[in-house]
file my_file11.cif (mmCIF, C-alpha atoms and all ligand atoms)
data_query
loop_
_atom_site.label_atom_id
_atom_site.label_comp_id
_atom_site.auth_asym_id
_atom_site.auth_seq_id
_atom_site.Cartn_x
_atom_site.Cartn_y
_atom_site.Cartn_z
CA MET A 1 -7.52 19.12 37.42
CA LYS A 2 -4.47 19.76 39.59
CA LYS A 3 -5.15 16.80 41.87
CA GLN A 4 -5.60 14.45 38.98
CA ARG A 5 -2.28 15.37 37.49
CA ASN A 6 -0.57 13.36 40.22
CA MET A 7 -2.15 10.24 38.82
CA ILE A 8 -1.12 10.94 35.30
CA LEU A 9 2.11 9.32 34.27
CA THR A 10 4.06 10.71 31.39
CA VAL A 11 2.68 8.86 28.44
CA ALA A 12 2.49 10.59 25.12
CA ILE A 13 -1.20 10.29 24.37
CA GLU A 14 -1.10 12.53 21.38
CA THR A 15 1.73 12.75 18.91
CA GLU A 16 0.16 15.05 16.36
CA LEU A 17 2.40 18.02 17.12
CA TYR A 18 5.43 15.83 16.60
CA ASP A 19 3.94 14.57 13.37
CA ILE A 20 3.35 18.11 12.17
CA LEU A 21 7.02 18.94 12.68
CA GLY A 22 8.08 15.57 11.33
CA VAL A 23 10.12 14.59 14.40
CA SER A 24 9.91 11.62 16.75
CA VAL A 25 8.47 11.97 20.26
CA THR A 26 11.96 11.47 21.63
CA ALA A 27 13.47 14.28 19.55
CA THR A 28 15.92 16.60 21.30
CA GLU A 29 15.42 20.37 21.56
CA VAL A 30 18.02 20.82 18.85
CA GLU A 31 16.28 18.40 16.52
CA ILE A 32 12.97 20.17 17.07
CA LYS A 33 14.55 23.53 16.32
CA LYS A 34 16.15 22.19 13.14
CA ALA A 35 12.91 20.61 11.95
CA TYR A 36 11.10 23.89 12.56
CA ARG A 37 13.60 25.96 10.58
CA LYS A 38 13.42 23.57 7.66
CA LYS A 39 9.60 23.44 7.69
CA ALA A 40 9.32 27.21 8.03
CA LYS A 41 11.35 27.56 4.85
CA ASP A 42 9.37 24.91 2.98
CA LEU A 43 5.96 26.18 4.07
CA HIS A 44 6.49 29.90 3.76
CA PRO A 45 2.88 31.05 3.55
CA ASN A 46 1.58 32.19 0.24
CA PRO A 47 -1.07 34.84 1.08
CA ASN A 48 -3.36 33.48 -1.66
CA ASP A 49 -3.40 29.93 -0.40
CA PRO A 50 -5.45 29.44 2.78
CA LYS A 51 -4.30 25.85 3.03
CA ALA A 52 -0.63 26.86 3.00
CA ILE A 53 -1.27 29.52 5.62
CA GLN A 54 -3.01 27.02 7.80
CA ASN A 55 -0.21 24.48 7.43
CA PHE A 56 2.26 27.15 8.43
CA GLN A 57 0.23 28.20 11.42
CA GLU A 58 -0.13 24.65 12.66
CA MET A 59 3.54 24.05 12.25
CA ALA A 60 4.53 27.25 14.03
CA ALA A 61 2.21 26.54 16.94
CA ALA A 62 3.49 22.98 17.20
CA TYR A 63 7.00 24.37 17.47
CA GLU A 64 5.98 26.92 20.07
CA ILE A 65 4.67 24.16 22.32
CA LEU A 66 7.38 21.56 21.78
CA SER A 67 10.31 23.98 22.03
CA ASP A 68 9.35 24.93 25.57
CA PRO A 69 10.19 22.13 28.04
CA HIS A 70 7.28 23.09 30.29
CA SER A 71 4.59 23.07 27.63
CA ARG A 72 6.14 20.04 25.95
CA ALA A 73 5.91 18.05 29.21
CA ALA A 74 2.31 19.17 29.60
CA TYR A 75 1.54 18.11 26.05
CA ASP A 76 3.25 14.74 26.49
CA SER A 77 1.26 13.95 29.59
CA MET A 78 -2.13 15.38 28.70
CA GLY A 79 -2.18 15.97 25.02
CA ILE A 80 -3.25 19.28 23.60
CA ALA A 81 -5.60 19.72 26.55
CA GLY A 82 -2.50 20.07 28.73
CA VAL A 83 -1.39 23.18 26.90
CA ASP A 84 -4.81 24.36 25.84
CA GLY A 85 -6.11 24.32 29.42
CA ARG A 86 -6.87 28.02 29.52
CA GLY A 87 -4.23 28.71 32.12
CA GLU A 88 -5.20 26.11 34.67
CA ASP A 89 -1.88 24.34 34.56
CA GLY A 90 0.18 27.29 33.55
CA GLY A 91 0.66 26.37 29.92
CA PRO A 92 0.04 28.99 27.28
CA SER A 93 -3.37 28.93 25.68
CA MET A 94 -3.65 28.40 21.95
CA ASP A 95 -4.92 31.92 21.52
CA ASP A 96 -1.79 33.31 23.16
CA VAL A 97 0.36 31.19 20.94
CA PHE A 98 -1.29 32.47 17.83
CA GLN A 99 -1.26 36.01 19.04
CA GLN A 100 2.45 35.74 19.58
CA PHE A 101 2.97 34.40 16.12
CA PHE A 102 0.50 36.26 14.05
CA GLY A 103 -0.74 39.07 16.23
CA ALA A 104 -0.05 42.77 15.87
CA GLY A 105 -0.24 43.48 12.18
CA ALA A 106 1.68 40.64 10.62
CA GLY A 107 -1.16 38.32 11.50
CA SER A 108 -4.39 37.04 10.13
CA ALA A 109 -5.70 40.36 8.94
CA HIS A 110 -2.97 40.49 6.36
CA PHE A 111 -3.54 36.92 5.28
CA GLY A 112 -7.26 37.46 5.25
CA PHE A 113 -7.61 34.07 6.79
CA ASP A 114 -9.80 33.48 9.77
CA PHE A 115 -9.59 30.16 11.42
CA GLY A 116 -12.83 29.53 13.15
CA PRO A 117 -13.54 27.91 16.48
CA GLY A 118 -11.82 24.59 16.97
CA MET A 119 -9.93 25.06 13.74
CA GLU A 120 -6.48 25.72 15.10
CA PHE A 121 -5.34 22.19 14.59
CA GLY A 122 -6.22 19.03 12.79
CA PHE A 123 -7.26 17.49 16.08
CA ASP A 124 -10.23 15.21 16.23
CA GLY A 125 -13.20 16.73 14.46
CA ALA A 126 -11.43 19.92 13.48
CA ARG A 127 -10.05 19.19 10.06
CA THR A 128 -7.93 21.31 7.81
CA ARG A 129 -9.55 19.90 4.70
CA ALA A 130 -12.71 18.07 3.78
CA ARG A 131 -12.52 14.32 4.05
CA ASP A 132 -10.54 12.40 1.42
CA GLU A 133 -12.27 9.42 -0.06
CA VAL A 134 -10.17 6.33 -0.70
CA ILE A 135 -11.73 3.93 -3.18
CA PRO A 136 -10.12 0.54 -3.74
CA TYR A 137 -10.11 -0.15 -7.47
CA GLU A 138 -9.48 -3.61 -8.89
CA VAL A 139 -7.28 -3.85 -11.95
CA THR A 140 -5.98 -6.75 -13.99
CA LEU A 141 -2.39 -7.19 -15.10
CA GLU A 142 -3.71 -6.46 -18.60
CA ASP A 143 -4.96 -3.05 -17.37
CA LEU A 144 -1.54 -2.22 -15.93
CA TYR A 145 0.19 -3.38 -19.11
CA ASN A 146 -2.06 -1.60 -21.58
CA GLY A 147 -3.28 1.32 -19.52
CA LYS A 148 -6.98 2.01 -19.04
CA ASN A 149 -9.33 4.93 -19.04
CA VAL A 150 -12.13 4.52 -16.50
CA LYS A 151 -15.23 6.65 -16.20
CA MET A 152 -17.52 6.19 -13.24
CA ASN A 153 -20.51 7.82 -11.69
CA MET A 154 -20.16 8.79 -8.09
CA GLU A 155 -21.87 10.93 -5.52
CA LYS A 156 -20.19 13.68 -3.60
CA GLU A 157 -21.10 16.33 -1.09
CA VAL A 158 -21.16 19.84 -2.48
CA GLU A 159 -21.86 23.12 -0.78
CA CYS A 160 -25.62 23.68 -0.65
CA PRO A 161 -26.44 26.14 -3.47
CA THR A 162 -29.51 27.50 -1.67
CA CYS A 163 -27.85 28.69 1.56
CA ARG A 164 -24.34 28.83 0.09
CA GLY A 165 -23.13 26.55 2.81
CA SER A 166 -24.44 28.51 5.78
CA GLY A 167 -27.09 25.90 6.62
CA GLY A 168 -29.59 28.61 7.51
CA LYS A 169 -32.42 30.51 5.89
CA PRO A 170 -31.45 33.87 4.37
CA GLY A 171 -30.44 36.37 7.04
CA VAL A 172 -30.28 33.79 9.82
CA LYS A 173 -27.23 33.85 12.01
CA SER A 174 -26.07 30.75 13.82
CA LYS A 175 -25.75 30.74 17.59
CA GLN A 176 -22.73 29.71 19.60
CA CYS A 177 -23.00 26.11 20.80
CA VAL A 178 -23.68 26.02 24.52
CA LYS A 179 -22.07 22.69 25.19
CA CYS A 180 -18.60 23.47 23.84
CA GLU A 181 -18.86 27.25 24.27
CA GLY A 182 -18.11 27.70 20.59
CA LYS A 183 -14.88 25.77 20.62
CA GLY A 184 -16.18 22.83 18.61
CA SER A 185 -14.50 20.37 20.89
CA ILE A 186 -14.68 19.22 24.48
CA PHE A 187 -12.14 17.63 26.79
CA VAL A 188 -12.77 14.07 27.86
CA GLN A 189 -10.87 12.10 30.44
CA THR A 190 -10.36 8.46 29.70
CA ALA A 191 -8.48 5.65 31.38
CA ILE A 192 -5.47 4.82 29.24
CA GLY A 193 -4.27 2.08 31.57
CA PRO A 194 -4.48 0.98 35.19
CA GLY A 195 -4.17 4.10 37.31
CA LYS A 196 -3.50 6.29 34.30
CA LEU A 197 -5.85 8.95 33.10
CA GLY A 198 -5.43 10.75 29.85
CA THR A 199 -7.19 13.83 28.67
CA SER A 200 -8.03 14.08 25.05
CA ARG A 201 -9.95 16.49 22.98
CA GLN A 202 -13.03 15.25 21.21
CA LYS A 203 -15.30 16.75 18.65
CA CYS A 204 -18.41 18.28 20.20
CA GLN A 205 -21.31 16.06 19.15
CA GLU A 206 -23.86 18.75 19.89
CA CYS A 207 -22.67 21.05 17.07
CA ASP A 208 -20.70 18.48 15.09
CA GLY A 209 -17.47 20.32 15.81
CA ARG A 210 -18.63 23.61 14.33
CA GLY A 211 -18.91 25.53 17.56
CA GLU A 212 -22.19 26.98 16.40
CA LYS A 213 -25.75 25.84 15.84
CA ILE A 214 -28.78 26.96 13.93
CA ARG A 215 -32.24 26.64 15.46
CA GLU A 216 -34.35 23.99 13.80
CA LYS A 217 -36.92 26.41 12.39
CA ASP A 218 -34.20 28.60 10.88
CA ARG A 219 -32.55 25.82 8.94
CA CYS A 220 -32.17 25.88 5.15
CA LYS A 221 -34.94 23.79 3.59
CA LYS A 222 -32.79 22.35 0.82
CA CYS A 223 -29.95 20.92 2.95
CA LYS A 224 -31.88 20.81 6.26
CA GLY A 225 -29.05 22.68 7.96
CA GLU A 226 -26.45 20.16 6.82
CA ARG A 227 -24.80 22.87 4.69
CA THR A 228 -24.02 20.42 1.91
CA VAL A 229 -26.09 18.37 -0.52
CA LYS A 230 -25.30 15.24 -2.50
CA GLU A 231 -24.55 15.70 -6.16
CA LYS A 232 -23.86 13.18 -8.90
CA ALA A 233 -20.36 13.52 -10.22
CA ARG A 234 -18.70 11.79 -13.13
CA GLN A 235 -15.13 10.87 -12.38
CA GLU A 236 -12.56 9.80 -14.87
CA ILE A 237 -9.29 8.15 -14.03
CA PHE A 238 -6.37 7.00 -16.12
CA VAL A 239 -4.71 3.80 -15.08
CA GLU A 240 -1.33 4.46 -16.66
CA LYS A 241 0.86 1.84 -18.24
CA GLY A 242 3.27 0.35 -15.76
CA MET A 243 1.37 1.31 -12.60
CA SER A 244 1.58 -1.09 -9.67
CA HIS A 245 -0.57 -2.78 -7.09
CA GLY A 246 -1.01 -0.38 -4.17
CA GLN A 247 -0.40 2.73 -6.26
CA ARG A 248 -2.75 5.66 -5.68
CA ILE A 249 -4.38 7.77 -8.33
CA VAL A 250 -5.29 11.06 -6.70
CA LEU A 251 -7.97 13.34 -8.08
CA ALA A 252 -7.04 16.43 -6.12
CA GLY A 253 -10.00 18.44 -4.89
CA ALA A 254 -12.53 16.11 -6.51
CA GLY A 255 -13.89 14.88 -3.19
CA ASP A 256 -16.54 16.07 -0.80
CA GLN A 257 -16.89 19.75 -0.11
CA GLU A 258 -17.32 21.22 3.32
CA PRO A 259 -18.09 24.90 3.70
CA GLY A 260 -15.00 26.83 4.75
CA LEU A 261 -12.58 24.04 3.94
CA PRO A 262 -10.71 23.10 0.78
CA PRO A 263 -12.42 20.08 -0.80
CA GLY A 264 -11.06 16.60 -0.14
CA ASP A 265 -9.38 14.36 -2.68
CA VAL A 266 -10.74 11.24 -4.31
CA ILE A 267 -8.05 8.60 -4.15
CA PHE A 268 -8.21 5.39 -6.13
CA LEU A 269 -6.13 2.65 -4.59
CA LEU A 270 -5.11 0.10 -7.20
CA LYS A 271 -5.60 -3.54 -6.25
CA MET A 272 -4.19 -5.97 -8.75
CA GLN A 273 -5.96 -9.27 -9.17
CA PRO A 274 -3.65 -12.28 -9.43
CA HIS A 275 -3.07 -13.29 -13.05
CA GLU A 276 -3.39 -16.88 -14.12
CA THR A 277 -0.50 -16.84 -16.57
CA PHE A 278 1.97 -14.13 -15.55
CA GLU A 279 3.65 -13.18 -12.33
CA ARG A 280 5.03 -9.68 -11.98
CA SER A 281 8.22 -8.65 -10.23
CA GLY A 282 8.87 -4.94 -10.69
CA ASN A 283 8.87 -4.49 -14.44
CA ASP A 284 9.73 -8.09 -15.18
CA LEU A 285 7.26 -10.84 -15.89
CA LEU A 286 7.55 -14.55 -15.26
CA THR A 287 5.57 -17.33 -16.85
CA THR A 288 5.78 -21.06 -17.44
CA VAL A 289 5.35 -22.68 -20.85
CA GLN A 290 4.90 -26.39 -21.52
CA ILE A 291 6.89 -27.79 -24.42
CA THR A 292 6.67 -31.36 -25.63
CA LEU A 293 9.45 -33.92 -25.37
CA SER A 294 9.89 -33.68 -29.14
CA GLU A 295 10.36 -29.91 -28.86
CA ALA A 296 12.86 -30.36 -26.03
CA LEU A 297 14.91 -32.73 -28.20
CA LEU A 298 14.38 -31.33 -31.68
CA GLY A 299 13.73 -27.65 -31.01
CA PHE A 300 10.71 -25.42 -31.62
CA ASP A 301 9.71 -22.42 -33.69
CA ARG A 302 6.23 -21.35 -32.71
CA ILE A 303 4.06 -18.89 -30.80
CA LEU A 304 5.02 -19.68 -27.20
CA ILE A 305 2.70 -17.26 -25.46
CA THR A 306 -0.12 -14.81 -26.01
CA HIS A 307 0.97 -11.56 -24.38
CA LEU A 308 -1.08 -9.20 -22.19
CA ASP A 309 -1.96 -7.06 -25.21
CA GLY A 310 -3.09 -10.06 -27.24
CA ARG A 311 0.06 -10.31 -29.37
CA GLY A 312 1.38 -13.76 -30.10
CA ILE A 313 5.06 -14.03 -29.23
CA LYS A 314 6.93 -16.37 -31.54
CA VAL A 315 10.21 -17.87 -30.39
CA ALA A 316 12.56 -20.26 -32.18
CA SER A 317 15.02 -22.36 -30.21
CA PRO A 318 18.59 -22.49 -31.54
CA PRO A 319 19.28 -25.44 -33.88
CA ASN A 320 20.74 -28.61 -32.33
CA LYS A 321 19.97 -27.37 -28.84
CA VAL A 322 18.51 -29.89 -26.41
CA ILE A 323 16.31 -28.13 -23.87
CA LYS A 324 16.64 -29.35 -20.31
CA PRO A 325 13.75 -29.57 -17.86
CA GLN A 326 13.05 -26.17 -16.20
CA GLN A 327 15.30 -24.33 -18.63
CA THR A 328 14.63 -20.61 -18.28
CA ILE A 329 14.81 -18.21 -21.19
CA ILE A 330 14.59 -14.42 -21.20
CA LEU A 331 12.72 -12.36 -23.77
CA ARG A 332 14.26 -8.92 -23.41
CA GLY A 333 11.90 -5.97 -23.59
CA GLU A 334 8.79 -8.15 -23.32
CA GLY A 335 8.16 -7.35 -19.66
CA MET A 336 5.94 -4.62 -18.17
CA PRO A 337 6.11 -1.05 -19.44
CA THR A 338 7.90 1.32 -17.06
CA TYR A 339 5.60 3.80 -15.30
CA LYS A 340 5.95 7.23 -16.96
CA THR A 341 8.30 5.87 -19.66
CA PRO A 342 6.14 3.07 -21.09
CA ASP A 343 8.37 2.53 -24.13
CA VAL A 344 11.01 1.17 -21.79
CA LYS A 345 9.94 -2.32 -20.85
CA GLY A 346 11.22 -4.95 -18.47
CA ASP A 347 12.01 -8.51 -19.44
CA LEU A 348 9.90 -11.62 -19.68
CA TYR A 349 11.26 -14.79 -18.16
CA ILE A 350 9.87 -18.09 -19.39
CA ILE A 351 10.42 -21.37 -17.58
CA LEU A 352 10.20 -24.23 -20.09
CA GLU A 353 8.51 -27.27 -18.66
CA ILE A 354 8.81 -30.50 -20.58
CA GLU A 355 5.67 -32.50 -21.02
CA MET A 356 6.62 -36.17 -21.08
CA PRO A 357 4.56 -38.43 -23.34
CA SER A 358 1.82 -40.37 -21.59
CA ASP A 359 1.95 -44.09 -20.83
CA HIS A 360 -0.90 -44.42 -23.29
CA PHE A 361 1.11 -42.77 -26.06
CA MET A 362 4.10 -45.03 -25.39
CA ARG A 363 1.89 -48.10 -25.70
CA SER A 364 0.68 -46.90 -29.09
CA ILE A 365 4.10 -46.64 -30.75
CA ASN A 366 6.80 -49.03 -31.87
CA ILE A 367 8.98 -49.18 -28.75
CA THR A 368 11.71 -51.20 -30.41
CA ALA A 369 12.09 -48.60 -33.12
CA LEU A 370 12.20 -45.83 -30.55
CA GLN A 371 14.76 -47.63 -28.43
CA ALA A 372 17.01 -48.00 -31.43
CA LEU A 373 16.94 -44.21 -31.93
CA LEU A 374 17.42 -43.13 -28.31
CA PRO A 375 20.68 -43.11 -26.35
CA PRO A 376 21.28 -46.56 -24.81
CA LYS A 377 20.05 -47.44 -21.34
CA ARG A 378 22.57 -47.62 -18.53
CA ILE A 379 24.06 -50.89 -17.45
CA ASP A 380 25.00 -52.09 -13.95
CA PRO A 381 28.28 -50.79 -12.58
CA VAL A 382 31.41 -52.83 -13.23
CA PRO A 383 32.65 -54.42 -11.10
CA GLU A 384 29.28 -55.33 -9.69
CA PRO A 385 28.96 -54.88 -5.88
CA VAL A 386 29.39 -58.06 -3.88
CA ILE A 387 25.86 -57.88 -2.55
CA VAL A 388 22.96 -56.89 -4.75
CA ASP A 389 19.42 -56.79 -3.34
CA SER A 390 16.25 -56.12 -5.26
CA ALA A 391 13.92 -53.32 -4.12
CA HIS A 392 10.34 -52.65 -5.10
CA TYR A 393 9.61 -49.66 -7.39
CA GLU A 394 7.08 -47.37 -5.80
CA GLU A 395 6.31 -43.77 -6.67
CA ALA A 396 6.79 -41.25 -3.90
CA ASP A 397 5.84 -37.65 -3.25
CA MET A 398 8.66 -35.53 -1.86
CA ALA A 399 6.21 -32.87 -0.76
CA GLU A 400 4.64 -35.40 1.59
CA VAL A 401 8.02 -36.34 3.04
CA ARG A 402 8.79 -32.71 3.63
CA GLU A 403 5.62 -32.21 5.67
CA ARG A 404 6.64 -34.88 8.16
CA ALA A 405 8.86 -34.05 11.08
CA PHE A 406 11.94 -35.74 9.77
CA PRO A 407 15.34 -35.63 11.42
CA ALA A 408 17.20 -35.58 8.12
CA SER A 409 19.56 -32.77 7.20
CA SER A 410 18.18 -30.15 4.87
CA ASP A 411 20.67 -31.40 2.25
CA PHE A 412 18.53 -34.50 1.91
CA PHE A 413 15.74 -32.37 0.50
CA ASP A 414 18.01 -30.11 -1.47
CA HIS A 415 19.49 -33.10 -3.29
CA ALA A 416 16.08 -34.49 -3.91
CA SER A 417 14.69 -31.29 -5.36
CA ARG A 418 17.78 -30.55 -7.42
CA ALA A 419 17.41 -33.94 -9.04
CA GLN A 420 13.67 -33.49 -9.42
CA PHE A 421 14.00 -30.14 -11.11
CA GLY A 422 16.90 -31.20 -13.34
CA ASP A 423 18.92 -28.24 -12.13
CA GLY A 424 22.68 -27.85 -11.94
CA ASP A 425 25.22 -30.27 -13.33
CA ASP A 426 22.92 -32.92 -14.71
CA ASP A 427 24.30 -33.94 -18.03
CA ASP A 428 22.39 -34.92 -21.09
CA GLU A 429 21.92 -38.59 -20.28
CA ASP A 430 20.31 -37.76 -16.96
CA ALA A 431 17.48 -36.02 -18.71
CA TRP A 432 16.29 -39.38 -19.84
CA GLU A 433 15.83 -40.80 -16.40
CA ASP A 434 12.39 -40.81 -14.90
CA GLU A 435 12.57 -38.15 -12.22
CA ASP A 436 10.94 -40.43 -9.66
CA ASP A 437 13.82 -42.86 -9.98
CA ASP A 438 16.47 -40.49 -8.72
CA GLY A 439 15.80 -40.78 -5.02
CA GLU A 440 15.08 -44.46 -5.21
CA GLU A 441 18.06 -45.87 -7.03
CA PRO A 442 21.17 -43.98 -6.04
CA GLU A 443 23.22 -47.02 -6.98
CA CYS A 444 22.48 -46.25 -10.60
CA ARG A 445 24.61 -43.13 -10.43
CA THR A 446 28.07 -43.78 -11.74
CA GLN A 447 29.76 -40.56 -10.65
ZN ZN B 1 -28.69 24.80 2.45
ZN ZN B 2 -20.54 22.37 20.36
#
call {"tool": "encode", "arguments": {"input": "my_file11.cif", "output": "structure tokens", "more": "lines below"}}
Ligand SMILES: [Zn+2]
Ligand SMILES: [Zn+2]
result
Amino acid sequence: MKKQRNMILTVAIETELYDILGVSVTATEVEIKKAYRKKAKDLHPNPNDPKAIQNFQEMAAAYEILSDPHSRAAYDSMGIAGVDGRGEDGGPSMDDVFQQFFGAGAGSAHFGFDFGPGMEFGFDGARTRARDEVIPYEVTLEDLYNGKNVKMNMEKEVECPTCRGSGGKPGVKSKQCVKCEGKGSIFVQTAIGPGKLGTSRQKCQECDGRGEKIREKDRCKKCKGERTVKEKARQEIFVEKGMSHGQRIVLAGAGDQEPGLPPGDVIFLLKMQPHETFERSGNDLLTTVQITLSEALLGFDRILITHLDGRGIKVASPPNKVIKPQQTIILRGEGMPTYKTPDVKGDLYIILEIEMPSDHFMRSINITALQALLPPKRIDPVPEPVIVDSAHYEEADMAEVRERAFPASSDFFDHASRAQFGDGDDDDEDAWEDEDDDGEEPECRTQ
């Protein structure tokens, strides 16, 4: 062990102690001390809550190691094995640390909490709580708008009722695991880079991290020594109005049980499927509605959309208001409900797209009559330019132009798209131009 230390460079191979204190691996001694004082206040152990006691113990031990430059250096270079090396490299053993903290009266006897072999920390196999189960759950935007109550059948591990979680037949005592000497974990050296060796602690496979084993013939028949059995469980979750993609619904303690540990949580992770009509941004919604050319010119008063709860939303445009292409309107209070205060809703933005009549439709009507009603066409500029050439009319796709490597300034595209989307200072006459014409016939512009 001593010889190998020369090969080990200082690389933090474990950061868990830092995580426990909530400080970075580069934290100063002062920062570590501060973090400890704050945590000690927050986590003051409640004698009736084994989990709280354990959290406190972990935190205190983490501080003990990191506050001492010698043990901190050992931890940084070798992980917990560096300080848990039973004296070989001079660091304090975990047992000493705990004795210091909780020994002599104030300690575990008072708390009535016995942390078993390998249980000091959340390292590797030694957990402080049974495994949490994270279940991705797909929801629609409708679900998040309306809320949803979901019942589902699941299976979970519960403590074996026959052996009450001991894994053995009545009266059978388990034996200390020979491989890990009852510690539940073993130290393994692994290459963490060229010429660098790191020591890390791994769960003992022989006893599955328990530190003890039961002989095969002494095992409980019901759970076969596993200590837990599968049980069907009915879970119910409430997807609340206004919840978001990525939000977690936690059923605390509803997860698998492991003897001697608080049960894990079942966590539903909401995954929202894309919606074909609405886009969501926070509590606001965005959608696009097609209106006809007649509606753009003469106004509308109709159900524009069917909302996420099935309601029709009727909107009337103001009289004598010509609607421009891509005009956006806002329906206040028609957005998503706010999580926890669902009566407060965001806004709904609607982009109005104008559906131009088809060539077929135009052929079917009296064009002369229409022309007499519409604003007049533009005429050539006066005075006419000295040279006038004729160019061929051909439809183009700006998206295609954009994909090419084109040494034009970005303004070129900005102008094109502004004209195409009818944005900005276009005045009323412009709305009548075919959008494809804009890029092709700049000479038509009189400004
Ligand atoms: Zn059993
Ligand atoms: Zn073992």
call {"tool": "closest_atom_pairs", "arguments": {"input": "my_file11.cif", "of": "chain A", "to": "ligand ZN 1 (chain B)", "cutoff": "9 Å", "atoms": "all atoms listed in the file", "output": "JSON lines"}}
result
{"residue": "A:Glu159", "atom": "CA", "partner": "B:ZN1", "partner_atom": "ZN", "distance": 7.7}
{"residue": "A:Cys160", "atom": "CA", "partner": "B:ZN1", "partner_atom": "ZN", "distance": 4.5}
{"residue": "A:Pro161", "atom": "CA", "partner": "B:ZN1", "partner_atom": "ZN", "distance": 6.5}
{"residue": "A:Thr162", "atom": "CA", "partner": "B:ZN1", "partner_atom": "ZN", "distance": 5.0}
{"residue": "A:Cys163", "atom": "CA", "partner": "B:ZN1", "partner_atom": "ZN", "distance": 4.1}
{"residue": "A:Arg164", "atom": "CA", "partner": "B:ZN1", "partner_atom": "ZN", "distance": 6.4}
{"residue": "A:Gly165", "atom": "CA", "partner": "B:ZN1", "partner_atom": "ZN", "distance": 5.8}
{"residue": "A:Ser166", "atom": "CA", "partner": "B:ZN1", "partner_atom": "ZN", "distance": 6.6}
{"residue": "A:Gly167", "atom": "CA", "partner": "B:ZN1", "partner_atom": "ZN", "distance": 4.6}
{"residue": "A:Gly168", "atom": "CA", "partner": "B:ZN1", "partner_atom": "ZN", "distance": 6.4}
{"residue": "A:Lys169", "atom": "CA", "partner": "B:ZN1", "partner_atom": "ZN", "distance": 7.6}
{"residue": "A:Arg219", "atom": "CA", "partner": "B:ZN1", "partner_atom": "ZN", "distance": 7.6}
{"residue": "A:Cys220", "atom": "CA", "partner": "B:ZN1", "partner_atom": "ZN", "distance": 4.5}
{"residue": "A:Lys221", "atom": "CA", "partner": "B:ZN1", "partner_atom": "ZN", "distance": 6.4}
{"residue": "A:Lys222", "atom": "CA", "partner": "B:ZN1", "partner_atom": "ZN", "distance": 5.0}
{"residue": "A:Cys223", "atom": "CA", "partner": "B:ZN1", "partner_atom": "ZN", "distance": 4.1}
{"residue": "A:Lys224", "atom": "CA", "partner": "B:ZN1", "partner_atom": "ZN", "distance": 6.4}
{"residue": "A:Gly225", "atom": "CA", "partner": "B:ZN1", "partner_atom": "ZN", "distance": 5.9}
{"residue": "A:Glu226", "atom": "CA", "partner": "B:ZN1", "partner_atom": "ZN", "distance": 6.8}
{"residue": "A:Arg227", "atom": "CA", "partner": "B:ZN1", "partner_atom": "ZN", "distance": 4.9}
{"residue": "A:Thr228", "atom": "CA", "partner": "B:ZN1", "partner_atom": "ZN", "distance": 6.4}
{"residue": "A:Val229", "atom": "CA", "partner": "B:ZN1", "partner_atom": "ZN", "distance": 7.5}
call {"tool": "closest_residue", "arguments": {"input": "my_file11.cif", "among": "A:Glu212, A:Glu236, A:Glu276, A:Asp132", "to": "ligand ZN 2 (chain B)", "atoms": "all atoms listed in the file"}}
result
A:Glu212
call {"tool": "closest_atom_pairs", "arguments": {"input": "my_file11.cif", "of": "chain A", "to": "ligand ZN 2 (chain B)", "cutoff": "7 Å", "atoms": "all atoms listed in the file", "output": "CSV"}}
result
residue,atom,partner,partner_atom,distance
A:Cys177,CA,B:ZN2,ZN,4.5
A:Val178,CA,B:ZN2,ZN,6.4
A:Lys179,CA,B:ZN2,ZN,5.1
A:Cys180,CA,B:ZN2,ZN,4.1
A:Glu181,CA,B:ZN2,ZN,6.5
A:Gly182,CA,B:ZN2,ZN,5.9
A:Lys183,CA,B:ZN2,ZN,6.6
A:Gly184,CA,B:ZN2,ZN,4.7
A:Ser185,CA,B:ZN2,ZN,6.4
A:Cys204,CA,B:ZN2,ZN,4.6
A:Gln205,CA,B:ZN2,ZN,6.5
A:Glu206,CA,B:ZN2,ZN,4.9
A:Cys207,CA,B:ZN2,ZN,4.1
A:Asp208,CA,B:ZN2,ZN,6.6
A:Gly209,CA,B:ZN2,ZN,5.9
A:Arg210,CA,B:ZN2,ZN,6.4
A:Gly211,CA,B:ZN2,ZN,4.5
A:Glu212,CA,B:ZN2,ZN,6.3
call {"tool": "atom_distance", "arguments": {"input": "my_file11.cif", "atom1": "CA of Val322 in chain A", "atom2": "CA of His360 in chain A"}}
result
24.4 Å
call {"tool": "atom_distance", "arguments": {"input": "my_file11.cif", "atom1": "CA of Arg201 in chain A", "atom2": "CA of Phe56 in chain A"}}
result
21.8 Å
call {"tool": "residues_around", "arguments": {"input": "my_file11.cif", "residues": "Met59 in chain A", "least_positions_apart": "3", "cutoff": "8 Å", "atoms": "only C-alpha atoms", "output": "number ranges by chain"}}
result
A: 17, 20-21, 36, 39-40, 55-56, 62-63
call {"tool": "residues_near_point", "arguments": {"input": "my_file11.cif", "point": "(11.8, -42.8, -24.6)", "cutoff": "9 Å", "atoms": "all atoms listed in the file", "output": "PDB file with C-alpha atoms, keeping the file's coordinate frame"}}
result
ATOM      1  CA  PRO A 357       4.560 -38.430 -23.340  1.00  0.00           C
ATOM      2  CA  MET A 362       4.100 -45.030 -25.390  1.00  0.00           C
ATOM      3  CA  ILE A 367       8.980 -49.180 -28.750  1.00  0.00           C
ATOM      4  CA  LEU A 370      12.200 -45.830 -30.550  1.00  0.00           C
ATOM      5  CA  GLN A 371      14.760 -47.630 -28.430  1.00  0.00           C
ATOM      6  CA  LEU A 374      17.420 -43.130 -28.310  1.00  0.00           C
ATOM      7  CA  TRP A 432      16.290 -39.380 -19.840  1.00  0.00           C
TER       8      TRP A 432
END
